[in-house]
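Heads up: the structure comes next, in structure tokens.
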Amino acid sequence: MNTLVTTYYENPELFEIFIENNFNQDYFSNLIVVDDASSKYPAKDILQHYDTSNISLFVLTEDVGFNGHAARNLAAYQTKTKWIT
């Protein structure tokens, strides 16, 4: 199976759309979310509305500005499957 990866920063509406439209468990065994230090709308609050048995959340604790590259690298490092999308 494949792992679906996404980074997240302060955009709960788009994050919910992403999960609902992309996390198809027929294709992906799990979802890895890396929150890039969101303080106002953290990903953990949005994920409370979903079955998280196949979702892993990692949170960068320091907001250093645009840090998407570090978030993607962390997700890739945490992936256990052969393929990442």
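Letters A, B, ... go to the chains of the structure tokens in the order shown; residues in each chain start at 1; ligands are counted from 1 in the same order.
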For Leu74 (chain A), please output as a compact mmCIF listing (two decimals) with C-alpha atoms, in the first residue's frame all residues within 12 Å (counting only C-alpha atoms; exclusion window: fewer than 5 positions along the same chain).
```txt
# COMPACT_ATOMS: atom_id res chain seq x y z
CA VAL A 5 1.34 12.77 3.18
CA THR A 6 0.33 16.36 3.71
CA THR A 7 1.70 19.38 5.46
CA ILE A 32 0.75 11.34 7.72
CA VAL A 33 0.05 14.97 8.63
CA VAL A 34 2.80 17.36 9.67
CA ASP A 35 1.54 20.57 11.28
CA ASP A 36 4.02 23.37 10.62
CA SER A 56 -0.37 10.00 12.23
CA LEU A 57 0.13 13.60 13.30
CA PHE A 58 3.51 15.22 13.84
CA VAL A 59 3.84 18.83 14.98
CA LEU A 60 6.75 21.18 14.41
CA ASN A 67 9.07 25.48 6.79
CA GLY A 68 7.25 23.13 4.42
CA HIS A 69 10.48 21.46 3.34
CA THR A 79 6.76 6.64 6.32
```
Give the strand (DSSP E) residues of chain A, as DSSP finds them on the backbone, and put them as a list in words.
->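 Matching residues for strand (DSSP E) in chain A are Asn2, Thr3, Leu4, Val5, Thr6, Thr7, Tyr8, Phe28, Ser29, Asn30, Leu31, Ile32, Val33, Val34, Asp35, Ile55, Ser56, Leu57, Phe58, Val59, Trp83 and Ile84 of chain A.
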Produce a file of the selected residues containing C-alpha atoms, as a PDB file, in the first residue's frame.
```
ATOM      1  CA  ASN A   2       0.886   3.679  -0.201  1.00  0.00           C
ATOM      2  CA  THR A   3       1.129   6.462   2.346  1.00  0.00           C
ATOM      3  CA  LEU A   4      -0.577   9.796   1.749  1.00  0.00           C
ATOM      4  CA  VAL A   5       1.344  12.766   3.176  1.00  0.00           C
ATOM      5  CA  THR A   6       0.326  16.358   3.707  1.00  0.00           C
ATOM      6  CA  THR A   7       1.703  19.381   5.462  1.00  0.00           C
ATOM      7  CA  TYR A   8      -0.649  21.729   7.270  1.00  0.00           C
ATOM      8  CA  PHE A  28      -3.692   4.561   1.002  1.00  0.00           C
ATOM      9  CA  SER A  29      -2.981   2.528   4.104  1.00  0.00           C
ATOM     10  CA  ASN A  30      -2.338   5.630   6.177  1.00  0.00           C
ATOM     11  CA  LEU A  31      -2.133   9.403   6.228  1.00  0.00           C
ATOM     12  CA  ILE A  32       0.754  11.344   7.719  1.00  0.00           C
ATOM     13  CA  VAL A  33       0.052  14.973   8.628  1.00  0.00           C
ATOM     14  CA  VAL A  34       2.799  17.365   9.672  1.00  0.00           C
ATOM     15  CA  ASP A  35       1.543  20.567  11.276  1.00  0.00           C
ATOM     16  CA  ILE A  55      -3.663   8.927  10.671  1.00  0.00           C
ATOM     17  CA  SER A  56      -0.367   9.996  12.234  1.00  0.00           C
ATOM     18  CA  LEU A  57       0.129  13.599  13.303  1.00  0.00           C
ATOM     19  CA  PHE A  58       3.509  15.222  13.840  1.00  0.00           C
ATOM     20  CA  VAL A  59       3.837  18.827  14.980  1.00  0.00           C
ATOM     21  CA  TRP A  83       5.475   4.606  -1.828  1.00  0.00           C
ATOM     22  CA  ILE A  84       4.573   8.117  -0.678  1.00  0.00           C
TER      23      ILE A  84
END
```
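The residue set within 6 Å of Ala37 (chain A), counting only C-alpha atoms and dropping same-chain residues fewer than 6 places from it, reads Leu60, Thr61, Glu62 and Asp63 of chain A.
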Show which residues sit within 10 Å of Ile46 (chain A), as an NGL selection string. Count only C-alpha atoms, and ignore same-chain residues fewer than 2 positions away.
-> :A and (11-13 or 15-16 or 41-44 or 48-50)
With N, CA, C and O atoms retained, export the selected residues as a short mmCIF file (atom, residue, chain, number, x, y, z; two decimals), in the first residue's frame.
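Here's the written file again-v4.cif:
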```cif
data_model
loop_
_atom_site.label_atom_id
_atom_site.label_comp_id
_atom_site.auth_asym_id
_atom_site.auth_seq_id
_atom_site.Cartn_x
_atom_site.Cartn_y
_atom_site.Cartn_z
N ASN A 11 -5.07 26.32 8.12
CA ASN A 11 -6.12 26.39 7.12
C ASN A 11 -7.07 25.21 7.29
O ASN A 11 -7.04 24.26 6.52
N PRO A 12 -7.93 25.24 8.31
CA PRO A 12 -8.77 24.10 8.62
C PRO A 12 -9.76 23.71 7.51
O PRO A 12 -10.00 22.53 7.28
N GLU A 13 -10.32 24.70 6.81
CA GLU A 13 -11.28 24.39 5.76
C GLU A 13 -10.63 23.58 4.63
O GLU A 13 -11.16 22.56 4.19
N PHE A 15 -7.87 21.86 4.80
CA PHE A 15 -7.41 20.60 5.36
C PHE A 15 -8.54 19.57 5.38
O PHE A 15 -8.35 18.41 4.99
N GLU A 16 -9.73 19.97 5.79
CA GLU A 16 -10.87 19.06 5.78
C GLU A 16 -11.21 18.62 4.36
O GLU A 16 -11.50 17.44 4.13
N TYR A 41 -5.14 27.55 14.58
CA TYR A 41 -5.98 26.42 14.17
C TYR A 41 -5.12 25.16 14.02
O TYR A 41 -4.82 24.73 12.91
N PRO A 42 -4.69 24.54 15.11
CA PRO A 42 -3.83 23.37 15.00
C PRO A 42 -4.54 22.17 14.36
O PRO A 42 -5.75 22.00 14.52
N ALA A 43 -3.78 21.36 13.67
CA ALA A 43 -4.33 20.19 12.98
C ALA A 43 -4.99 19.22 13.95
O ALA A 43 -5.98 18.58 13.61
N LYS A 44 -4.47 19.11 15.15
CA LYS A 44 -5.05 18.16 16.12
C LYS A 44 -6.51 18.47 16.40
O LYS A 44 -7.31 17.56 16.61
N GLN A 48 -9.83 15.74 15.34
CA GLN A 48 -10.76 15.19 16.34
C GLN A 48 -12.07 14.74 15.70
O GLN A 48 -12.79 13.93 16.27
N HIS A 49 -12.39 15.25 14.52
CA HIS A 49 -13.64 14.93 13.84
C HIS A 49 -13.52 13.72 12.93
O HIS A 49 -14.48 13.38 12.24
N TYR A 50 -12.38 13.07 12.92
CA TYR A 50 -12.13 11.95 12.01
C TYR A 50 -11.67 10.72 12.77
O TYR A 50 -11.13 10.82 13.88
#
```
